[in-house]
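Enquirer: One structure is given below, represented as structure tokens, and several questions about it will come after.
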Amino acid sequence: MEWLSVMIDAYHAKLREENGRIGEISLFCAVGINLEGEKNILGFWILKGRENKGFWVEVFQDLISRGINRVLLFVTDNFPGVKGVIKSLYPYSEHQLCYVHMMRNVIKNLSKRNRKVVINLMKMIKISRDEKEGGSYYDRVIRIMEEEKPEMARIYKELKENYLTFLKYPESIRKYIYTTNPVESINSGIERMRMNMGGYFPSERSLELNLFIPLINLNDFWDKRYLSGVRESYYEIKQLFALRFEIKDNI
């Protein structure tokens, strides 16, 4: 199947390990939007410890083994190692970093004096006509950031293209591809499940079993429920897809 976007986000929780200790885990879930505008849960992965390049190689190779080979855009947080792995295993795909998470982080770390100006600039980025216009507002945010947080400014300057990739796409679909929020809605359900179990999952097996049925039910609920903005831009998306994959595959 052909995919407009695949969004991956993390949920952090506690799990009772075999030795009886309560340890930290990360649960990663992938949600895809196909070219017709249907959402699908593509998989989930449980990780003990911190994510790294090796973990992301396993995740994306798992997706490839399931036939998820052609994706226009991946949307993720700036997880360690993920950018390079996407570039290596999905060379024709683009990579959008979650704009909402960036916005929250920037605002949180700036002084009240600059906060209002930056909020307005970041709102202007979201409604920009194209990547060039959005880039001019982004550069102003970076200049303000450099006054207070030069190291943070350096990081966001290097990642400019990844935070603005959504502006290359038709306006009607941008609201679906600039953030990992569709996955966060799943995370809120997992959080309720965790609280009902007393604040942690009793075992990895229990976590997997308790996730399986709700995720299947959610996929069934999403079945044939199309995102109107994607349907509206279907032919533009198909053209983008052909330029990205079908022509390059024949070179």
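Just remember, in the structure tokens the first chain shown is A, the second B, etc., residues are 1-based per chain, and ligands are 1-based in the order shown.
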Residues at most 12 Å from Leu121 of chain A, counting only C-alpha atoms, excluding those fewer than 2 positions away in the same chain, as a VMD selection string?
Expert: chain A and resid 103 106 to 107 114 to 119 123 to 128 133 to 144
Enquirer: Please produce a file of the residues just selected, as a PDB file, in the first residue's frame, where the atoms kept are N, CA and C atoms.
Expert:
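Saved as selection.pdb:
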ATOM      1  N   MET A 103       7.418  23.729  19.283  1.00  0.00           N
ATOM      2  CA  MET A 103       6.813  24.964  19.751  1.00  0.00           C
ATOM      3  C   MET A 103       6.736  24.990  21.273  1.00  0.00           C
ATOM      4  N   VAL A 106      10.375  25.384  22.735  1.00  0.00           N
ATOM      5  CA  VAL A 106      10.943  26.729  22.543  1.00  0.00           C
ATOM      6  C   VAL A 106      10.305  27.720  23.501  1.00  0.00           C
ATOM      7  N   ILE A 107       8.992  27.705  23.578  1.00  0.00           N
ATOM      8  CA  ILE A 107       8.280  28.662  24.433  1.00  0.00           C
ATOM      9  C   ILE A 107       8.648  28.452  25.899  1.00  0.00           C
ATOM     10  N   ASN A 114      10.355  37.491  25.567  1.00  0.00           N
ATOM     11  CA  ASN A 114      10.367  37.090  24.156  1.00  0.00           C
ATOM     12  C   ASN A 114       9.265  36.102  23.790  1.00  0.00           C
ATOM     13  N   ARG A 115       8.608  35.573  24.791  1.00  0.00           N
ATOM     14  CA  ARG A 115       7.680  34.472  24.553  1.00  0.00           C
ATOM     15  C   ARG A 115       6.527  34.848  23.617  1.00  0.00           C
ATOM     16  N   LYS A 116       5.915  35.986  23.849  1.00  0.00           N
ATOM     17  CA  LYS A 116       4.751  36.385  23.052  1.00  0.00           C
ATOM     18  C   LYS A 116       5.120  36.581  21.586  1.00  0.00           C
ATOM     19  N   VAL A 117       6.269  37.198  21.341  1.00  0.00           N
ATOM     20  CA  VAL A 117       6.721  37.426  19.964  1.00  0.00           C
ATOM     21  C   VAL A 117       6.954  36.091  19.253  1.00  0.00           C
ATOM     22  N   VAL A 118       7.606  35.156  19.953  1.00  0.00           N
ATOM     23  CA  VAL A 118       7.914  33.863  19.358  1.00  0.00           C
ATOM     24  C   VAL A 118       6.640  33.057  19.091  1.00  0.00           C
ATOM     25  N   ILE A 119       5.672  33.108  19.997  1.00  0.00           N
ATOM     26  CA  ILE A 119       4.397  32.413  19.776  1.00  0.00           C
ATOM     27  C   ILE A 119       3.740  32.917  18.501  1.00  0.00           C
ATOM     28  N   LYS A 123       3.090  30.784  15.007  1.00  0.00           N
ATOM     29  CA  LYS A 123       1.752  30.680  14.416  1.00  0.00           C
ATOM     30  C   LYS A 123       1.784  31.097  12.948  1.00  0.00           C
ATOM     31  N   MET A 124       2.590  32.116  12.636  1.00  0.00           N
ATOM     32  CA  MET A 124       2.716  32.568  11.257  1.00  0.00           C
ATOM     33  C   MET A 124       3.383  31.503  10.386  1.00  0.00           C
ATOM     34  N   ILE A 125       4.328  30.769  10.967  1.00  0.00           N
ATOM     35  CA  ILE A 125       4.961  29.677  10.216  1.00  0.00           C
ATOM     36  C   ILE A 125       3.907  28.670   9.768  1.00  0.00           C
ATOM     37  N   LYS A 126       3.009  28.307  10.681  1.00  0.00           N
ATOM     38  CA  LYS A 126       2.000  27.284  10.385  1.00  0.00           C
ATOM     39  C   LYS A 126       1.081  27.673   9.239  1.00  0.00           C
ATOM     40  N   ILE A 127       0.807  28.964   9.067  1.00  0.00           N
ATOM     41  CA  ILE A 127      -0.127  29.397   8.027  1.00  0.00           C
ATOM     42  C   ILE A 127       0.583  30.009   6.826  1.00  0.00           C
ATOM     43  N   SER A 128       1.891  29.804   6.752  1.00  0.00           N
ATOM     44  CA  SER A 128       2.657  30.351   5.628  1.00  0.00           C
ATOM     45  C   SER A 128       2.225  29.709   4.311  1.00  0.00           C
ATOM     46  N   GLU A 133       8.379  31.235   2.710  1.00  0.00           N
ATOM     47  CA  GLU A 133       7.793  32.218   3.621  1.00  0.00           C
ATOM     48  C   GLU A 133       7.925  31.736   5.064  1.00  0.00           C
ATOM     49  N   GLY A 134       7.610  30.472   5.307  1.00  0.00           N
ATOM     50  CA  GLY A 134       7.740  29.937   6.655  1.00  0.00           C
ATOM     51  C   GLY A 134       9.169  30.014   7.154  1.00  0.00           C
ATOM     52  N   GLY A 135      10.129  29.832   6.237  1.00  0.00           N
ATOM     53  CA  GLY A 135      11.530  29.890   6.609  1.00  0.00           C
ATOM     54  C   GLY A 135      11.962  31.259   7.100  1.00  0.00           C
ATOM     55  N   SER A 136      11.365  32.303   6.555  1.00  0.00           N
ATOM     56  CA  SER A 136      11.728  33.652   6.994  1.00  0.00           C
ATOM     57  C   SER A 136      11.271  33.892   8.437  1.00  0.00           C
ATOM     58  N   TYR A 137      10.097  33.381   8.786  1.00  0.00           N
ATOM     59  CA  TYR A 137       9.626  33.500  10.182  1.00  0.00           C
ATOM     60  C   TYR A 137      10.470  32.614  11.098  1.00  0.00           C
ATOM     61  N   TYR A 138      10.810  31.431  10.616  1.00  0.00           N
ATOM     62  CA  TYR A 138      11.633  30.502  11.394  1.00  0.00           C
ATOM     63  C   TYR A 138      12.979  31.149  11.726  1.00  0.00           C
ATOM     64  N   ASP A 139      13.577  31.827  10.751  1.00  0.00           N
ATOM     65  CA  ASP A 139      14.873  32.480  10.980  1.00  0.00           C
ATOM     66  C   ASP A 139      14.771  33.557  12.054  1.00  0.00           C
ATOM     67  N   ARG A 140      13.647  34.240  12.102  1.00  0.00           N
ATOM     68  CA  ARG A 140      13.456  35.268  13.144  1.00  0.00           C
ATOM     69  C   ARG A 140      13.364  34.623  14.526  1.00  0.00           C
ATOM     70  N   VAL A 141      12.708  33.460  14.594  1.00  0.00           N
ATOM     71  CA  VAL A 141      12.641  32.728  15.858  1.00  0.00           C
ATOM     72  C   VAL A 141      14.051  32.336  16.310  1.00  0.00           C
ATOM     73  N   ILE A 142      14.858  31.865  15.375  1.00  0.00           N
ATOM     74  CA  ILE A 142      16.228  31.451  15.696  1.00  0.00           C
ATOM     75  C   ILE A 142      17.041  32.635  16.208  1.00  0.00           C
ATOM     76  N   ARG A 143      16.893  33.799  15.589  1.00  0.00           N
ATOM     77  CA  ARG A 143      17.658  34.982  16.026  1.00  0.00           C
ATOM     78  C   ARG A 143      17.292  35.379  17.451  1.00  0.00           C
ATOM     79  N   ILE A 144      16.004  35.296  17.785  1.00  0.00           N
ATOM     80  CA  ILE A 144      15.575  35.599  19.160  1.00  0.00           C
ATOM     81  C   ILE A 144      16.131  34.556  20.119  1.00  0.00           C
TER      82      ILE A 144
END
Enquirer: So that I can see what lies close to segment 10-25 of chain A, please list as a ChimeraX atom specification the residues with an atom at most 12 Å from it, counting only C-alpha atoms and leaving out residues fewer than 2 positions away in the same chain.
Expert: /A:7-8,27-31,44-51,76-79,180-195,197-208
Enquirer: Let me see the file: selected residues, N, CA and C atoms, as a compact mmCIF listing (two decimals), in the first residue's frame.
Expert:
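Listing of selection22.txt after writing:
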# COMPACT_ATOMS: atom_id res chain seq x y z
N MET A 7 3.38 8.30 11.21
CA MET A 7 3.71 9.06 12.42
C MET A 7 4.10 8.11 13.52
N ILE A 8 5.19 8.42 14.20
CA ILE A 8 5.67 7.57 15.30
C ILE A 8 5.89 8.44 16.52
N LEU A 27 7.03 2.95 24.97
CA LEU A 27 6.15 2.25 24.03
C LEU A 27 6.00 3.15 22.80
N PHE A 28 6.47 2.66 21.67
CA PHE A 28 6.41 3.42 20.42
C PHE A 28 5.29 2.86 19.56
N CYS A 29 4.46 3.74 19.03
CA CYS A 29 3.34 3.34 18.18
C CYS A 29 3.42 4.09 16.86
N ALA A 30 3.14 3.39 15.77
CA ALA A 30 3.15 4.00 14.43
C ALA A 30 1.74 4.03 13.86
N VAL A 31 1.34 5.20 13.37
CA VAL A 31 0.05 5.38 12.72
C VAL A 31 0.30 5.88 11.30
N PHE A 44 3.43 -1.51 17.06
CA PHE A 44 3.96 -0.90 18.29
C PHE A 44 5.15 -1.71 18.76
N TRP A 45 6.06 -1.03 19.45
CA TRP A 45 7.31 -1.63 19.89
C TRP A 45 7.60 -1.19 21.33
N ILE A 46 8.00 -2.13 22.16
CA ILE A 46 8.30 -1.86 23.57
C ILE A 46 9.82 -1.85 23.74
N LEU A 47 10.32 -0.80 24.35
CA LEU A 47 11.76 -0.66 24.55
C LEU A 47 12.07 -0.40 26.01
N LYS A 48 12.99 -1.18 26.56
CA LYS A 48 13.50 -0.92 27.91
C LYS A 48 14.81 -0.15 27.76
N GLY A 49 14.89 1.00 28.35
CA GLY A 49 16.07 1.84 28.20
C GLY A 49 15.84 2.93 27.18
N ARG A 50 16.93 3.52 26.70
CA ARG A 50 16.85 4.67 25.80
C ARG A 50 16.91 4.20 24.35
N GLU A 51 16.19 4.92 23.48
CA GLU A 51 16.23 4.59 22.06
C GLU A 51 17.60 4.97 21.47
N THR A 76 7.99 12.35 13.21
CA THR A 76 8.46 11.82 14.50
C THR A 76 8.94 12.98 15.38
N ASP A 77 9.28 12.64 16.61
CA ASP A 77 10.07 13.54 17.44
C ASP A 77 11.53 13.41 17.02
N ASN A 78 12.37 14.25 17.58
CA ASN A 78 13.79 14.19 17.26
C ASN A 78 14.48 13.13 18.13
N PHE A 79 14.06 11.87 17.93
CA PHE A 79 14.63 10.76 18.70
C PHE A 79 16.08 10.51 18.27
N THR A 180 2.82 14.79 15.63
CA THR A 180 2.53 13.38 15.96
C THR A 180 1.27 13.25 16.81
N ASN A 181 0.46 14.28 16.90
CA ASN A 181 -0.72 14.26 17.78
C ASN A 181 -1.68 13.09 17.55
N PRO A 182 -1.87 12.61 16.30
CA PRO A 182 -2.74 11.43 16.15
C PRO A 182 -2.29 10.24 16.97
N VAL A 183 -0.96 10.09 17.17
CA VAL A 183 -0.46 9.00 18.00
C VAL A 183 -0.65 9.34 19.47
N GLU A 184 -0.54 10.63 19.82
CA GLU A 184 -0.71 11.03 21.21
C GLU A 184 -2.11 10.71 21.72
N SER A 185 -3.10 10.71 20.84
CA SER A 185 -4.46 10.36 21.26
C SER A 185 -4.52 8.89 21.68
N ILE A 186 -3.71 8.04 21.04
CA ILE A 186 -3.61 6.63 21.45
C ILE A 186 -2.92 6.56 22.81
N ASN A 187 -1.87 7.38 22.97
CA ASN A 187 -1.13 7.38 24.24
C ASN A 187 -2.02 7.74 25.42
N SER A 188 -2.99 8.62 25.21
CA SER A 188 -3.88 8.99 26.31
C SER A 188 -4.72 7.79 26.76
N GLY A 189 -5.09 6.92 25.81
CA GLY A 189 -5.81 5.71 26.16
C GLY A 189 -4.94 4.73 26.93
N ILE A 190 -3.66 4.64 26.54
CA ILE A 190 -2.72 3.78 27.27
C ILE A 190 -2.51 4.30 28.68
N GLU A 191 -2.49 5.62 28.82
CA GLU A 191 -2.33 6.22 30.15
C GLU A 191 -3.49 5.85 31.07
N ARG A 192 -4.71 5.87 30.55
CA ARG A 192 -5.88 5.46 31.35
C ARG A 192 -5.77 4.00 31.75
N MET A 193 -5.30 3.19 30.82
CA MET A 193 -5.11 1.76 31.10
C MET A 193 -4.10 1.58 32.23
N ARG A 194 -3.00 2.31 32.16
CA ARG A 194 -1.95 2.21 33.18
C ARG A 194 -2.48 2.59 34.56
N MET A 195 -3.25 3.67 34.62
CA MET A 195 -3.78 4.14 35.90
C MET A 195 -4.76 3.12 36.47
N MET A 197 -4.53 0.04 36.23
CA MET A 197 -3.75 -1.10 36.72
C MET A 197 -2.93 -0.76 37.95
N GLY A 198 -3.09 0.45 38.46
CA GLY A 198 -2.37 0.82 39.68
C GLY A 198 -1.12 1.64 39.47
N GLY A 199 -0.95 2.19 38.25
CA GLY A 199 0.18 3.08 38.00
C GLY A 199 1.32 2.45 37.22
N TYR A 200 1.28 1.13 37.01
CA TYR A 200 2.31 0.48 36.20
C TYR A 200 1.73 -0.80 35.61
N PHE A 201 2.39 -1.29 34.56
CA PHE A 201 1.94 -2.53 33.93
C PHE A 201 2.59 -3.72 34.64
N PRO A 202 1.83 -4.75 34.97
CA PRO A 202 2.36 -5.86 35.77
C PRO A 202 3.39 -6.73 35.04
N SER A 203 3.37 -6.70 33.68
CA SER A 203 4.35 -7.46 32.91
C SER A 203 4.28 -7.00 31.46
N GLU A 204 5.32 -7.35 30.71
CA GLU A 204 5.33 -7.00 29.29
C GLU A 204 4.22 -7.75 28.55
N ARG A 205 4.00 -9.00 28.93
CA ARG A 205 2.94 -9.79 28.30
C ARG A 205 1.57 -9.16 28.55
N SER A 206 1.36 -8.70 29.78
CA SER A 206 0.10 -8.04 30.13
C SER A 206 -0.10 -6.78 29.29
N LEU A 207 0.98 -6.02 29.13
CA LEU A 207 0.90 -4.80 28.32
C LEU A 207 0.51 -5.13 26.88
N GLU A 208 1.16 -6.13 26.30
CA GLU A 208 0.86 -6.50 24.92
C GLU A 208 -0.58 -6.97 24.76
Enquirer: I want to know what sits within 12 Å of Ile155 of chain A, based on only C-alpha atoms, with residues of the same chain fewer than 5 positions away left out; could you give that as a PDB file with all heavy atoms, in the first residue's frame?
Expert:
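Below is the file out-v4.pdb, written as the result:
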ATOM      1  N   ASN A  78      12.371  14.246  17.581  1.00  0.00           N
ATOM      2  CA  ASN A  78      13.790  14.187  17.261  1.00  0.00           C
ATOM      3  C   ASN A  78      14.480  13.126  18.130  1.00  0.00           C
ATOM      4  O   ASN A  78      15.353  13.418  18.943  1.00  0.00           O
ATOM      5  CB  ASN A  78      14.435  15.562  17.464  1.00  0.00           C
ATOM      6  CG  ASN A  78      15.854  15.619  16.929  1.00  0.00           C
ATOM      7  OD1 ASN A  78      16.212  14.856  16.033  1.00  0.00           O
ATOM      8  ND2 ASN A  78      16.661  16.495  17.492  1.00  0.00           N
ATOM      9  N   MET A 102       8.171  21.019  19.159  1.00  0.00           N
ATOM     10  CA  MET A 102       9.180  22.078  19.062  1.00  0.00           C
ATOM     11  C   MET A 102       8.642  23.378  19.655  1.00  0.00           C
ATOM     12  O   MET A 102       9.312  24.053  20.435  1.00  0.00           O
ATOM     13  CB  MET A 102       9.562  22.309  17.605  1.00  0.00           C
ATOM     14  CG  MET A 102      10.546  23.462  17.422  1.00  0.00           C
ATOM     15  SD  MET A 102      10.465  24.191  15.781  1.00  0.00           S
ATOM     16  CE  MET A 102      11.557  25.595  16.004  1.00  0.00           C
ATOM     17  N   VAL A 106      10.375  25.384  22.735  1.00  0.00           N
ATOM     18  CA  VAL A 106      10.943  26.729  22.543  1.00  0.00           C
ATOM     19  C   VAL A 106      10.305  27.720  23.501  1.00  0.00           C
ATOM     20  O   VAL A 106      10.999  28.487  24.179  1.00  0.00           O
ATOM     21  CB  VAL A 106      10.762  27.176  21.081  1.00  0.00           C
ATOM     22  CG1 VAL A 106      11.122  28.657  20.931  1.00  0.00           C
ATOM     23  CG2 VAL A 106      11.626  26.341  20.149  1.00  0.00           C
ATOM     24  N   ILE A 142      14.858  31.865  15.375  1.00  0.00           N
ATOM     25  CA  ILE A 142      16.228  31.451  15.696  1.00  0.00           C
ATOM     26  C   ILE A 142      17.041  32.635  16.208  1.00  0.00           C
ATOM     27  O   ILE A 142      17.803  32.508  17.184  1.00  0.00           O
ATOM     28  CB  ILE A 142      16.911  30.825  14.462  1.00  0.00           C
ATOM     29  CG1 ILE A 142      16.213  29.527  14.047  1.00  0.00           C
ATOM     30  CG2 ILE A 142      18.397  30.571  14.747  1.00  0.00           C
ATOM     31  CD1 ILE A 142      16.248  28.437  15.079  1.00  0.00           C
ATOM     32  N   MET A 145      16.077  33.299  19.685  1.00  0.00           N
ATOM     33  CA  MET A 145      16.569  32.201  20.520  1.00  0.00           C
ATOM     34  C   MET A 145      18.067  32.344  20.786  1.00  0.00           C
ATOM     35  O   MET A 145      18.548  32.025  21.878  1.00  0.00           O
ATOM     36  CB  MET A 145      16.279  30.870  19.811  1.00  0.00           C
ATOM     37  CG  MET A 145      16.184  29.659  20.721  1.00  0.00           C
ATOM     38  SD  MET A 145      16.000  28.122  19.746  1.00  0.00           S
ATOM     39  CE  MET A 145      14.496  28.478  18.832  1.00  0.00           C
ATOM     40  N   GLU A 146      18.815  32.822  19.814  1.00  0.00           N
ATOM     41  CA  GLU A 146      20.271  32.952  19.952  1.00  0.00           C
ATOM     42  C   GLU A 146      20.668  33.909  21.067  1.00  0.00           C
ATOM     43  O   GLU A 146      21.730  33.757  21.679  1.00  0.00           O
ATOM     44  CB  GLU A 146      20.886  33.414  18.627  1.00  0.00           C
ATOM     45  CG  GLU A 146      20.948  32.312  17.584  1.00  0.00           C
ATOM     46  CD  GLU A 146      21.381  32.807  16.220  1.00  0.00           C
ATOM     47  OE1 GLU A 146      21.182  34.003  15.925  1.00  0.00           O
ATOM     48  OE2 GLU A 146      21.912  31.985  15.441  1.00  0.00           O
ATOM     49  N   LYS A 149      19.384  31.369  24.333  1.00  0.00           N
ATOM     50  CA  LYS A 149      19.745  29.954  24.357  1.00  0.00           C
ATOM     51  C   LYS A 149      20.531  29.608  23.085  1.00  0.00           C
ATOM     52  O   LYS A 149      20.010  28.963  22.167  1.00  0.00           O
ATOM     53  CB  LYS A 149      18.489  29.075  24.436  1.00  0.00           C
ATOM     54  CG  LYS A 149      17.582  29.357  25.624  1.00  0.00           C
ATOM     55  CD  LYS A 149      18.156  28.765  26.902  1.00  0.00           C
ATOM     56  CE  LYS A 149      17.202  28.969  28.083  1.00  0.00           C
ATOM     57  NZ  LYS A 149      17.717  28.362  29.316  1.00  0.00           N
ATOM     58  N   PRO A 150      21.786  30.031  23.001  1.00  0.00           N
ATOM     59  CA  PRO A 150      22.547  29.830  21.754  1.00  0.00           C
ATOM     60  C   PRO A 150      22.709  28.370  21.351  1.00  0.00           C
ATOM     61  O   PRO A 150      22.667  28.050  20.153  1.00  0.00           O
ATOM     62  CB  PRO A 150      23.904  30.481  22.062  1.00  0.00           C
ATOM     63  CG  PRO A 150      23.959  30.634  23.548  1.00  0.00           C
ATOM     64  CD  PRO A 150      22.550  30.780  24.006  1.00  0.00           C
ATOM     65  N   LYS A 160      16.149  22.966  10.667  1.00  0.00           N
ATOM     66  CA  LYS A 160      15.150  23.843  10.044  1.00  0.00           C
ATOM     67  C   LYS A 160      14.345  23.126   8.969  1.00  0.00           C
ATOM     68  O   LYS A 160      13.107  23.181   8.958  1.00  0.00           O
ATOM     69  CB  LYS A 160      15.838  25.071   9.454  1.00  0.00           C
ATOM     70  CG  LYS A 160      14.911  25.996   8.675  1.00  0.00           C
ATOM     71  CD  LYS A 160      15.679  27.187   8.092  1.00  0.00           C
ATOM     72  CE  LYS A 160      14.791  28.062   7.235  1.00  0.00           C
ATOM     73  NZ  LYS A 160      15.544  29.225   6.688  1.00  0.00           N
ATOM     74  N   GLU A 161      15.021  22.448   8.059  1.00  0.00           N
ATOM     75  CA  GLU A 161      14.328  21.782   6.955  1.00  0.00           C
ATOM     76  C   GLU A 161      13.343  20.743   7.469  1.00  0.00           C
ATOM     77  O   GLU A 161      12.225  20.608   6.944  1.00  0.00           O
ATOM     78  CB  GLU A 161      15.347  21.123   6.023  1.00  0.00           C
ATOM     79  CG  GLU A 161      14.706  20.429   4.837  1.00  0.00           C
ATOM     80  CD  GLU A 161      15.721  19.787   3.921  1.00  0.00           C
ATOM     81  OE1 GLU A 161      16.938  20.009   4.121  1.00  0.00           O
ATOM     82  OE2 GLU A 161      15.298  19.046   3.006  1.00  0.00           O
ATOM     83  N   ASN A 162      13.732  19.999   8.510  1.00  0.00           N
ATOM     84  CA  ASN A 162      12.856  18.951   9.034  1.00  0.00           C
ATOM     85  C   ASN A 162      11.627  19.505   9.741  1.00  0.00           C
ATOM     86  O   ASN A 162      10.587  18.843   9.773  1.00  0.00           O
ATOM     87  CB  ASN A 162      13.630  18.052   9.997  1.00  0.00           C
ATOM     88  CG  ASN A 162      14.735  17.282   9.312  1.00  0.00           C
ATOM     89  OD1 ASN A 162      15.897  17.658   9.395  1.00  0.00           O
ATOM     90  ND2 ASN A 162      14.390  16.225   8.602  1.00  0.00           N
ATOM     91  N   TYR A 163      11.732  20.688  10.327  1.00  0.00           N
ATOM     92  CA  TYR A 163      10.563  21.271  10.986  1.00  0.00           C
ATOM     93  C   TYR A 163       9.623  21.973  10.008  1.00  0.00           C
ATOM     94  O   TYR A 163       8.469  22.230  10.338  1.00  0.00           O
ATOM     95  CB  TYR A 163      10.998  22.237  12.090  1.00  0.00           C
ATOM     96  CG  TYR A 163      11.407  21.516  13.365  1.00  0.00           C
ATOM     97  CD1 TYR A 163      12.739  21.471  13.772  1.00  0.00           C
ATOM     98  CD2 TYR A 163      10.465  20.855  14.142  1.00  0.00           C
ATOM     99  CE1 TYR A 163      13.117  20.794  14.931  1.00  0.00           C
ATOM    100  CE2 TYR A 163      10.836  20.176  15.293  1.00  0.00           C
ATOM    101  CZ  TYR A 163      12.155  20.148  15.677  1.00  0.00           C
ATOM    102  OH  TYR A 163      12.518  19.461  16.820  1.00  0.00           O
TER     103      TYR A 163
END
Enquirer: My list of candidates is A:Glu38, A:Gly67, A:Ile86, A:Pro80. Which is closest to Asn52 of chain A when distances are computed with only C-alpha atoms?
Expert: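 Going through A:Glu38, A:Gly67, A:Ile86, A:Pro80 one by one, the smallest distance to Asn52 of chain A is for A:Pro80.
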Enquirer: Could you work out how far atom CA of Leu42 of chain A lies from atom CA of Phe212 of chain A, giving the answer in Å with one decimal?
Expert: 12.1 Å
Enquirer: So which residues of segment 10-219 of chain A fall under strand (DSSP E or B) by DSSP, listed as a ChimeraX atom specification?
Expert: /A:10-16,22-34,39-48,71-76,94-97,201
Enquirer: What are the closest atom pairs, with distances in Å to one decimal, for each residue of segment 47-154 of chain A lying within 9 Å of segment 225-242 of chain A, using only C-alpha atoms, rows by chain and rising residue number, as JSON lines?
Expert:
{"residue": "A:Arg70", "atom": "CA", "partner": "A:Phe241", "partner_atom": "CA", "distance": 8.7}
{"residue": "A:Val71", "atom": "CA", "partner": "A:Phe241", "partner_atom": "CA", "distance": 8.5}
{"residue": "A:Leu72", "atom": "CA", "partner": "A:Phe241", "partner_atom": "CA", "distance": 6.7}
Enquirer: Since we have the selection now, will you write its residues out, keeping C-alpha atoms, as an mmCIF file, in the first residue's frame?
Expert:
data_model
loop_
_atom_site.group_PDB
_atom_site.id
_atom_site.type_symbol
_atom_site.label_atom_id
_atom_site.label_comp_id
_atom_site.auth_asym_id
_atom_site.auth_seq_id
_atom_site.Cartn_x
_atom_site.Cartn_y
_atom_site.Cartn_z
ATOM 1 C CA ARG A 70 6.848 3.626 -0.005
ATOM 2 C CA VAL A 71 6.086 6.509 2.343
ATOM 3 C CA LEU A 72 6.028 10.157 1.320
#
Enquirer: Of the candidates A:Phe221, A:Tyr99, A:Trp3, A:Trp56, which one gets nearest to Thr165 of chain A if we count only C-alpha atoms?
Expert: A:Tyr99
Enquirer: Go ahead and compute the interatomic distance for atom CA of Asn40 of chain A and atom CA of Tyr178 of chain A, in Å to one decimal.
Expert: 17.5 Å
